[in-house]
Every structure is written in C-alpha cells, then in structure tokens.
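Quick notes on the structure that follows.
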Amino acid sequence: MAAPAFVRVSGPPNSNFLIGYPGISATLPRIEGKVEIRPSIGISAPVHVSLVTIALQRRESIHPAADSVTKKHLAAPRKDIIDIVGKEMLLFRCPVGKEYESVLCMDLPFVIFIPYGRGGEEVARRVPPASLQLPSRTAETYYELVVTVQQGQADQKKYMSPVPIMRYDTLSTFGMYNRPESAERVTDHLVTLGISLPRWSYGPLDPVAVYIKLSPNPDWLNKAKKVTISKITVGIDEEIIYNHEGDEPTRKVKTLTKTTQSVGVKMPEAGYFTNMGLVFPAKDLRDSDGIIPRPKKEFPMYAVGGFTTTGTLYKIEYYLTVKAQMSGAKDILLRHPIVVCPFDHEGCKEEIEAIKQAAEDAAMVSPDNPMLPAAHIIRANDPEGLRALGVAMVGGERRRVIE
C-alpha cells in the first residue's frame, strides 16, 4: 500500500495564481504556479507517483426558486454543470514499463492559458464568465484548479484549489462605453419619447445621467398639444434569465432603483426636454459592526449584487427604463440595455494603468512555448535526496539537519 501524498498548489512568489486580465486578450490571461508533492507520513517516507495532471474547472449551478422558502422545496432541484476551461495539462508520467516512481519531493511548474477569443458557438474559445454568487445561491459560478494524482495501483485522487476569476472587458473607462447612446419609442403616434445616454457602462455608486425628450407628432400637432405630461420615471432593472440556452428559460426582473419627476404640463409645440439622473446602487460590504468580513476563497467581494455576465446556465442583463405617464395619450415605456461593471469609475481608471503594464509584460510570453522552469524531482534513491529534505543519516538514524 503506497503512502498517501501531500499535494499543494502554490502560485508565483508574492502574487496570485492569476496573471493578466481575463477578457482582455492583449494581457494573455493565464494561471501560473507549481504543484508540490511531498510525503504526508513522516518527512522522508517516499511516495509512489505514476501520473500527475492539472486542469482549471468551472462549476456553475442555478436554483431560481432558492430565494423563496415556500417554492424552494416544491421546485426542481439545483441544476449544475462542470466544464474544463482550456485544456488539461499532463505534468508528470513515469517512464514506460515502470508502474511508479518513488519520490521524496516533486515540484511541477505549470501554466494554463485562459481562453480570450469571442468564439461564438465554439465553447472552447469563449471567455469564461466571472466568479459570482447571487444571494441565496440562486446562481453561482466558481473555478478551481484540480490536480489528479495516480499512485501506482491505488485509485486516482483529486485535489481542489479555488481560484476566483474576474472579468475586465466591461470597464466603464473603455472608449466603446463612453460614446453617447440614443433610443426612441412611440406608442400611439401622438408623442415620441427619445433618450440619450452620455455613457452606458456603470459600476457601484456611479452617477447615471439621461437626457429625455418628448416630442409631438407634427402630423397630429393639434391633438398632440392637448396631451398633458404627468410624470417621468427613470429606473434600472436587473433581468436574470435562468437556463437561457435551454428549453424553458425562467426570467426574473427586479427594479434596483428608480426616481420620478412630476411634470404636469401640456405638450409644448417644440417638445419637452429634461435631464434626469440617479446613482447606481451599491451593496454595503460591511456588517452591522462596520467590519468587512473575510471573503470566501471562491468568490471575490463585489460592491454590486450582480453584474452583466453570461454563463451556460444563466445570463444577467441590465436595462435603463424611462416611463413617460401622460393623460390624453398612451404611456410610453422605453427599456435600453446598459452594461454593469463590478468596479466603480474610479476603480476602472486605476485598473487601466495596470492593464497596460500587463499587456507589455504579456508581449514577451509565447502561448505555444511559455518557457516554464524545469520540474524539480528528487527520487528516493538520489544520493543527495535526504539532504534536499533537510535530513541526514546520523548513527544509522535519520535526523533533521539544523543549519
């Protein structure tokens, strides 16, 4: 019976496993580190190792009824999937004809490149969604490094290490989100509601400004001038679509915040113009004692409940809604899609500099040949094997070497 191995995954010195920025291809997002295998019984009892592999695994699950105590037990059970991100890597295999290698110490460096292509239907090239856990675990996505170790005839054992992954392609500082967006809507041909947004990516506590224009139909001017504009409401809706790629998608819409402006004027011939604004809501990370709790290993701490994301089992979208309530004409409701980023605008500005630096560093890295350090393996019969473990033979006994 082989002695069980002690297996640990460690990242580069003084940094995280994750290098680069997922969602930004120029930074070559990747996970770097090494798998360390040591004896778990005694300091110098050799362990038998036949095969070592590593993979990045994504676990995704949904339970739309989990936030309701009554529906939770009646609804379908939690649905989950497990996917390998990128490719599984073979780190070690013992030579042909040998069942295992007896090792005292094994350090196996690895690098796993995270897909960064749009990919369309080609799932293997899609950028993986960010780690997220919604309240009551109605939907969650998390990642873990899975090390598989085969020890001779024994069953393969798997060792998991959680890795939180964030996405950086929705930063509100990117130029594509800072171009004005406009939209129009008509319900009964009398009045047209038009809106314009100076930018359309927002994070926690970011100001959301919207320019609103109500204009009469020039062909029905006399009738349109009799319309009274009662009030205008601006809000932000969160829409979660569970099982969005499946047969029976479930939609849940929640209004996060809204503000109303009373108007009470007849429709002017030139139209009615106004600016309205609100603040994107933020989640308080502190508890009742004002202390920020220790984050979970699998999930980063976000100051928003959710953000724009698309997984395999769920999709979260956000809409800016503008509703004009009128007498003498039908109410008009306009829903315009916006992007929600987990970081506020100031945080996005700070990230941009680091992203530029990461892109410069990534220019030196080749995905086909990432130039990993050599594996460090000390076998049981190596002459200096015990010394490498800090052990020496003293009078026929193994003793720790005290430098």
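Every chain in the structure tokens takes a letter, A first, then B, and so on in the order presented; its residues are numbered from 1, and the ligands are numbered from 1 following the presented order.
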
Sel. of helix (DSSP H, G or I) residues, region 165-226 of chain A, as a PyMOL selection string: chain A and resi 175-177+218-224

Export of the given selection (C-alpha atoms) as a short mmCIF file (atom, residue, chain, number, x, y, z; two decimals), in the first residue's frame:
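Ended up saving to result_14.cif:
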data_model
loop_
_atom_site.label_atom_id
_atom_site.label_comp_id
_atom_site.auth_asym_id
_atom_site.auth_seq_id
_atom_site.Cartn_x
_atom_site.Cartn_y
_atom_site.Cartn_z
CA GLY A 175 -13.87 54.09 -25.20
CA MET A 176 -16.68 51.91 -26.58
CA TYR A 177 -18.76 52.56 -23.44
CA PRO A 218 -46.04 67.16 -36.37
CA ASP A 219 -48.74 65.43 -38.47
CA TRP A 220 -51.11 65.33 -35.45
CA LEU A 221 -49.96 68.54 -33.82
CA ASN A 222 -53.36 69.85 -32.63
CA LYS A 223 -54.22 66.54 -30.98
CA ALA A 224 -50.70 66.12 -29.54
#

Taking only residues of region 263-315 of chain A that have an atom at most 12 Å from an atom of region 231-238 of chain A, what is each one's shortest atom pair and its distance in Å to one decimal, using only C-alpha atoms, in chain and number order, as a Markdown table?
| residue | atom | partner | partner_atom | distance |
| --- | --- | --- | --- | --- |
| A:Val263 | CA | A:Lys231 | CA | 5.0 |
| A:Gly264 | CA | A:Lys231 | CA | 6.7 |
| A:Val265 | CA | A:Lys231 | CA | 9.2 |
| A:Lys266 | CA | A:Lys231 | CA | 11.5 |
| A:Tyr272 | CA | A:Ile232 | CA | 11.2 |
| A:Phe273 | CA | A:Ile232 | CA | 11.1 |
| A:Thr274 | CA | A:Ile232 | CA | 9.6 |
| A:Asn275 | CA | A:Val234 | CA | 10.5 |
| A:Met276 | CA | A:Val234 | CA | 7.5 |
| A:Gly277 | CA | A:Val234 | CA | 7.8 |
| A:Leu278 | CA | A:Val234 | CA | 8.1 |
| A:Val279 | CA | A:Ile236 | CA | 9.8 |
| A:Phe280 | CA | A:Ile236 | CA | 8.0 |
| A:Pro281 | CA | A:Ile236 | CA | 9.3 |
| A:Val304 | CA | A:Glu238 | CA | 11.6 |
| A:Gly305 | CA | A:Glu238 | CA | 10.0 |
| A:Gly306 | CA | A:Glu238 | CA | 8.5 |
| A:Phe307 | CA | A:Glu238 | CA | 8.8 |
| A:Thr308 | CA | A:Glu238 | CA | 9.2 |
| A:Thr309 | CA | A:Glu238 | CA | 11.5 |
| A:Lys315 | CA | A:Glu238 | CA | 10.6 |

Could you save the residues just selected, with N, CA and C atoms, as a PDB file, in the first residue's frame?
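Below you can see again.pdb, which holds the result:
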ATOM      1  N   VAL A 263     -44.258  66.418 -13.691  1.00  0.00           N
ATOM      2  CA  VAL A 263     -44.162  67.451 -14.727  1.00  0.00           C
ATOM      3  C   VAL A 263     -45.444  68.284 -14.743  1.00  0.00           C
ATOM      4  N   GLY A 264     -46.578  67.665 -15.118  1.00  0.00           N
ATOM      5  CA  GLY A 264     -47.877  68.351 -15.096  1.00  0.00           C
ATOM      6  C   GLY A 264     -47.982  69.520 -16.053  1.00  0.00           C
ATOM      7  N   VAL A 265     -47.456  69.400 -17.268  1.00  0.00           N
ATOM      8  CA  VAL A 265     -47.589  70.481 -18.264  1.00  0.00           C
ATOM      9  C   VAL A 265     -48.158  69.909 -19.562  1.00  0.00           C
ATOM     10  N   LYS A 266     -48.809  70.787 -20.331  1.00  0.00           N
ATOM     11  CA  LYS A 266     -49.296  70.393 -21.665  1.00  0.00           C
ATOM     12  C   LYS A 266     -48.098  70.269 -22.597  1.00  0.00           C
ATOM     13  N   TYR A 272     -40.862  68.668 -25.127  1.00  0.00           N
ATOM     14  CA  TYR A 272     -40.476  68.851 -23.725  1.00  0.00           C
ATOM     15  C   TYR A 272     -39.126  68.166 -23.489  1.00  0.00           C
ATOM     16  N   PHE A 273     -38.182  68.915 -22.911  1.00  0.00           N
ATOM     17  CA  PHE A 273     -36.816  68.387 -22.689  1.00  0.00           C
ATOM     18  C   PHE A 273     -36.512  68.410 -21.190  1.00  0.00           C
ATOM     19  N   THR A 274     -35.807  67.403 -20.712  1.00  0.00           N
ATOM     20  CA  THR A 274     -35.360  67.415 -19.315  1.00  0.00           C
ATOM     21  C   THR A 274     -34.153  66.481 -19.149  1.00  0.00           C
ATOM     22  N   ASN A 275     -33.393  66.760 -18.107  1.00  0.00           N
ATOM     23  CA  ASN A 275     -32.294  65.856 -17.724  1.00  0.00           C
ATOM     24  C   ASN A 275     -32.653  65.198 -16.404  1.00  0.00           C
ATOM     25  N   MET A 276     -32.473  63.901 -16.296  1.00  0.00           N
ATOM     26  CA  MET A 276     -32.714  63.208 -15.030  1.00  0.00           C
ATOM     27  C   MET A 276     -31.508  62.333 -14.714  1.00  0.00           C
ATOM     28  N   GLY A 277     -31.325  62.081 -13.445  1.00  0.00           N
ATOM     29  CA  GLY A 277     -30.169  61.265 -13.054  1.00  0.00           C
ATOM     30  C   GLY A 277     -30.450  60.491 -11.789  1.00  0.00           C
ATOM     31  N   LEU A 278     -29.706  59.425 -11.600  1.00  0.00           N
ATOM     32  CA  LEU A 278     -29.760  58.667 -10.349  1.00  0.00           C
ATOM     33  C   LEU A 278     -28.392  58.036 -10.127  1.00  0.00           C
ATOM     34  N   VAL A 279     -28.226  57.443  -8.965  1.00  0.00           N
ATOM     35  CA  VAL A 279     -26.936  56.827  -8.622  1.00  0.00           C
ATOM     36  C   VAL A 279     -27.109  55.315  -8.667  1.00  0.00           C
ATOM     37  N   PHE A 280     -26.180  54.643  -9.353  1.00  0.00           N
ATOM     38  CA  PHE A 280     -26.292  53.184  -9.429  1.00  0.00           C
ATOM     39  C   PHE A 280     -26.109  52.606  -8.028  1.00  0.00           C
ATOM     40  N   PRO A 281     -27.019  51.736  -7.580  1.00  0.00           N
ATOM     41  CA  PRO A 281     -26.951  51.261  -6.186  1.00  0.00           C
ATOM     42  C   PRO A 281     -25.720  50.394  -5.916  1.00  0.00           C
ATOM     43  N   VAL A 304     -21.392  45.244  -5.820  1.00  0.00           N
ATOM     44  CA  VAL A 304     -22.694  45.149  -6.502  1.00  0.00           C
ATOM     45  C   VAL A 304     -23.228  43.742  -6.280  1.00  0.00           C
ATOM     46  N   GLY A 305     -24.561  43.616  -6.291  1.00  0.00           N
ATOM     47  CA  GLY A 305     -25.174  42.296  -6.112  1.00  0.00           C
ATOM     48  C   GLY A 305     -24.879  41.399  -7.287  1.00  0.00           C
ATOM     49  N   GLY A 306     -24.958  41.955  -8.501  1.00  0.00           N
ATOM     50  CA  GLY A 306     -24.666  41.201  -9.721  1.00  0.00           C
ATOM     51  C   GLY A 306     -24.085  42.155 -10.748  1.00  0.00           C
ATOM     52  N   PHE A 307     -23.726  41.634 -11.920  1.00  0.00           N
ATOM     53  CA  PHE A 307     -23.197  42.478 -12.995  1.00  0.00           C
ATOM     54  C   PHE A 307     -23.484  41.784 -14.315  1.00  0.00           C
ATOM     55  N   THR A 308     -23.266  42.481 -15.404  1.00  0.00           N
ATOM     56  CA  THR A 308     -23.540  41.914 -16.733  1.00  0.00           C
ATOM     57  C   THR A 308     -22.641  40.708 -16.965  1.00  0.00           C
ATOM     58  N   THR A 309     -23.256  39.553 -17.171  1.00  0.00           N
ATOM     59  CA  THR A 309     -22.472  38.328 -17.370  1.00  0.00           C
ATOM     60  C   THR A 309     -23.328  37.284 -18.080  1.00  0.00           C
ATOM     61  N   LYS A 315     -27.891  34.093 -17.343  1.00  0.00           N
ATOM     62  CA  LYS A 315     -27.436  35.317 -18.014  1.00  0.00           C
ATOM     63  C   LYS A 315     -28.009  36.479 -17.209  1.00  0.00           C
TER      64      LYS A 315
END

Contacts of region 59-67 of chain A at 10 Å (only C-alpha atoms; same-chain gap of 2+ positions) as a PyMOL selection string: chain A and resi 57+69-84+129+131-144+240-243+250-252+311-314

Kindly export the residues of the current selection with C-alpha atoms, as an mmCIF file, in the first residue's frame.
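Here's the written file out.cif:
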data_model
loop_
_atom_site.group_PDB
_atom_site.id
_atom_site.type_symbol
_atom_site.label_atom_id
_atom_site.label_comp_id
_atom_site.auth_asym_id
_atom_site.auth_seq_id
_atom_site.Cartn_x
_atom_site.Cartn_y
_atom_site.Cartn_z
ATOM 1 C CA GLN A 57 -12.520 23.518 -13.784
ATOM 2 C CA VAL A 69 -38.774 29.454 1.300
ATOM 3 C CA THR A 70 -42.095 28.088 0.012
ATOM 4 C CA LYS A 71 -41.057 27.450 -3.596
ATOM 5 C CA LYS A 72 -37.626 26.079 -2.696
ATOM 6 C CA HIS A 73 -38.913 22.611 -1.709
ATOM 7 C CA LEU A 74 -41.521 22.363 -4.466
ATOM 8 C CA ALA A 75 -39.345 23.500 -7.385
ATOM 9 C CA ALA A 76 -36.964 21.390 -9.453
ATOM 10 C CA PRO A 77 -33.644 20.591 -7.722
ATOM 11 C CA ARG A 78 -30.481 22.624 -8.222
ATOM 12 C CA LYS A 79 -29.100 22.236 -11.730
ATOM 13 C CA ASP A 80 -25.345 22.278 -12.195
ATOM 14 C CA ILE A 81 -22.638 21.701 -14.800
ATOM 15 C CA ILE A 82 -18.877 21.163 -14.650
ATOM 16 C CA ASP A 83 -16.611 22.249 -17.523
ATOM 17 C CA ILE A 84 -12.872 22.169 -18.151
ATOM 18 C CA PRO A 129 -17.673 34.141 -17.111
ATOM 19 C CA SER A 131 -16.883 34.112 -10.471
ATOM 20 C CA LEU A 132 -20.198 35.135 -8.945
ATOM 21 C CA GLN A 133 -22.564 34.012 -6.213
ATOM 22 C CA LEU A 134 -26.017 35.604 -6.150
ATOM 23 C CA PRO A 135 -27.958 35.886 -2.860
ATOM 24 C CA SER A 136 -29.467 32.559 -1.681
ATOM 25 C CA ARG A 137 -27.227 30.879 -4.296
ATOM 26 C CA THR A 138 -29.893 31.265 -6.984
ATOM 27 C CA ALA A 139 -26.971 31.243 -9.436
ATOM 28 C CA GLU A 140 -23.255 30.779 -8.962
ATOM 29 C CA THR A 141 -20.078 30.273 -10.945
ATOM 30 C CA TYR A 142 -16.750 29.341 -9.414
ATOM 31 C CA TYR A 143 -13.423 27.951 -10.540
ATOM 32 C CA GLU A 144 -10.948 25.527 -9.044
ATOM 33 C CA ILE A 240 -31.772 37.289 -14.749
ATOM 34 C CA ILE A 241 -32.548 34.583 -17.316
ATOM 35 C CA TYR A 242 -32.017 31.117 -15.846
ATOM 36 C CA ASN A 243 -31.361 28.246 -18.270
ATOM 37 C CA THR A 250 -37.040 31.440 -16.462
ATOM 38 C CA ARG A 251 -36.894 35.249 -16.311
ATOM 39 C CA LYS A 252 -36.769 37.278 -13.111
ATOM 40 C CA GLY A 311 -22.746 31.730 -18.300
ATOM 41 C CA THR A 312 -24.044 28.446 -19.687
ATOM 42 C CA LEU A 313 -26.965 28.189 -17.253
ATOM 43 C CA TYR A 314 -27.770 31.834 -16.601
#

With the cut-off set at 7 Å and counting only C-alpha atoms, tabulate each residue of region 100-191 of chain A with an atom at most that distance from an atom of region 327-341 of chain A, showing the nearest atom pair and its distance in Å to one decimal, ordered by chain and increasing number, as a tab-separated table.
residue	atom	partner	partner_atom	distance
A:Thr170	CA	A:Cys341	CA	5.6
A:Leu171	CA	A:Cys341	CA	6.1
A:Arg185	CA	A:Leu334	CA	6.2
A:Val186	CA	A:Ile332	CA	6.7
A:Thr187	CA	A:Ile332	CA	6.0
A:Asp188	CA	A:Lys330	CA	6.4
A:Leu190	CA	A:Ala329	CA	6.9

Just C-alpha atoms for this one: save the residues we selected as a PDB file, in the first residue's frame.
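Wrote selection13.pdb, looks like this:
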ATOM      1  CA  THR A 170     -16.798  45.825 -19.118  1.00  0.00           C
ATOM      2  CA  LEU A 171     -14.669  48.600 -17.525  1.00  0.00           C
ATOM      3  CA  ARG A 185     -40.104  54.907 -28.702  1.00  0.00           C
ATOM      4  CA  VAL A 186     -43.666  55.691 -29.839  1.00  0.00           C
ATOM      5  CA  THR A 187     -46.879  54.047 -28.592  1.00  0.00           C
ATOM      6  CA  ASP A 188     -49.856  55.732 -30.305  1.00  0.00           C
ATOM      7  CA  LEU A 190     -49.034  61.209 -30.879  1.00  0.00           C
TER       8      LEU A 190
END

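Closest approach to Asn16 (chain A) from the set A:Val47, A:Ile165, A:Met106, A:Ala392 is made by A:Ile165, with distances taken over only C-alpha atoms.
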
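Omitting Glu36 (chain A) and its sequence neighbours fewer than 3 positions away, and counting only C-alpha atoms, the residues within 7 Å are Val7, Arg8, Val9, Met106, Asp107 and Leu108 of chain A.
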
If you run DSSP on this backbone, which residues of region 297-400 of chain A come out as strand (DSSP E), and could you give them as a short mmCIF file (atom, residue, chain, number, x, y, z; two decimals) with C-alpha atoms, in the first residue's frame?
data_model
loop_
_atom_site.label_atom_id
_atom_site.label_comp_id
_atom_site.auth_asym_id
_atom_site.auth_seq_id
_atom_site.Cartn_x
_atom_site.Cartn_y
_atom_site.Cartn_z
CA THR A 309 -22.47 38.33 -17.37
CA THR A 310 -23.36 35.29 -19.47
CA TYR A 314 -27.77 31.83 -16.60
CA LYS A 315 -27.44 35.32 -18.01
CA ILE A 316 -27.68 38.68 -16.20
CA GLU A 317 -28.68 41.79 -18.15
CA TYR A 318 -29.44 45.37 -17.11
CA TYR A 319 -31.79 47.94 -18.60
CA LEU A 320 -32.29 51.65 -18.09
CA THR A 321 -36.07 52.17 -18.13
CA VAL A 322 -37.75 55.50 -18.87
CA LYS A 323 -41.52 55.76 -18.48
CA ALA A 324 -43.50 58.84 -19.53
CA GLN A 325 -47.00 58.92 -18.00
CA MET A 326 -49.46 61.16 -19.87
CA SER A 327 -53.16 61.96 -20.00
CA ILE A 332 -44.59 55.25 -23.18
CA LEU A 333 -42.07 52.80 -21.68
CA LEU A 334 -38.56 52.60 -23.12
CA ARG A 335 -36.06 49.94 -21.98
CA HIS A 336 -32.49 50.46 -23.11
CA PRO A 337 -29.73 47.90 -22.38
CA ILE A 338 -26.77 49.09 -20.28
CA VAL A 339 -23.63 47.33 -19.04
CA VAL A 340 -22.95 46.91 -15.33
CA HIS A 376 12.22 19.62 -9.70
CA ILE A 377 12.02 15.93 -8.73
CA ILE A 378 14.06 14.19 -6.01
CA ARG A 379 13.77 10.42 -6.17
CA VAL A 391 17.57 15.25 6.76
CA ALA A 392 20.87 13.45 7.36
CA MET A 393 21.83 9.91 8.46
CA VAL A 394 23.37 10.09 11.95
CA GLU A 397 19.13 7.14 12.12
CA ARG A 398 17.51 9.91 10.11
CA ARG A 399 17.83 13.26 11.86
CA ARG A 400 16.77 16.78 10.91
#

Quick one: everything within 7 Å of Phe6 (chain A), counting only C-alpha atoms, minus sequence neighbours fewer than 2 positions away in the same chain. Send it as an mmCIF file with N, CA and C atoms, in the first residue's frame.
data_model
loop_
_atom_site.group_PDB
_atom_site.id
_atom_site.type_symbol
_atom_site.label_atom_id
_atom_site.label_comp_id
_atom_site.auth_asym_id
_atom_site.auth_seq_id
_atom_site.Cartn_x
_atom_site.Cartn_y
_atom_site.Cartn_z
ATOM 1 N N PRO A 4 0.111 7.821 1.237
ATOM 2 C CA PRO A 4 -0.572 8.908 0.519
ATOM 3 C C PRO A 4 0.331 10.129 0.378
ATOM 4 N N ARG A 8 -0.100 20.124 -2.861
ATOM 5 C CA ARG A 8 -0.460 21.541 -2.692
ATOM 6 C C ARG A 8 -0.168 22.279 -3.993
ATOM 7 N N ILE A 37 4.407 18.109 -4.438
ATOM 8 C CA ILE A 37 4.050 16.795 -3.876
ATOM 9 C C ILE A 37 5.128 16.408 -2.876
ATOM 10 N N ARG A 38 4.701 16.070 -1.665
ATOM 11 C CA ARG A 38 5.619 15.707 -0.583
ATOM 12 C C ARG A 38 5.070 14.467 0.138
ATOM 13 N N PRO A 39 5.904 13.794 0.931
ATOM 14 C CA PRO A 39 5.383 12.700 1.759
ATOM 15 C C PRO A 39 4.405 13.255 2.793
ATOM 16 N N SER A 40 3.318 12.544 3.056
ATOM 17 C CA SER A 40 2.385 13.027 4.080
ATOM 18 C C SER A 40 2.592 12.294 5.398
#

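Between CA of Phe113 (chain A) and CA of Pro342 (chain A) lies a distance of 23.3 Å.
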
Nearby residues (only C-alpha atoms) at most 8 Å from region 86-98 of chain A, same-chain spacing under 5 positions excluded, as a PyMOL selection string: chain A and resi 49-56+108-110+112-115+124-125

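CA of Leu205 (chain A) is positioned 28.1 Å from CA of Ile19 (chain A).
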
Exercise: Asp382 (chain A) partners within 10 Å, only C-alpha atoms, chain neighbours under 5 positions left out, as a PyMOL selection string: chain A and resi 103-104+377+387-388

Distance of CA of Ile195 (chain A) from CA of Lys258 (chain A), expressed in Å to one decimal place: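 Computing it gives 16.0 Å between the two atoms.
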
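Closest to Asp206 (chain A) among A:Gly33, A:Gly347, A:Pro367, A:Gly152 is A:Gly347, based on only C-alpha atoms.
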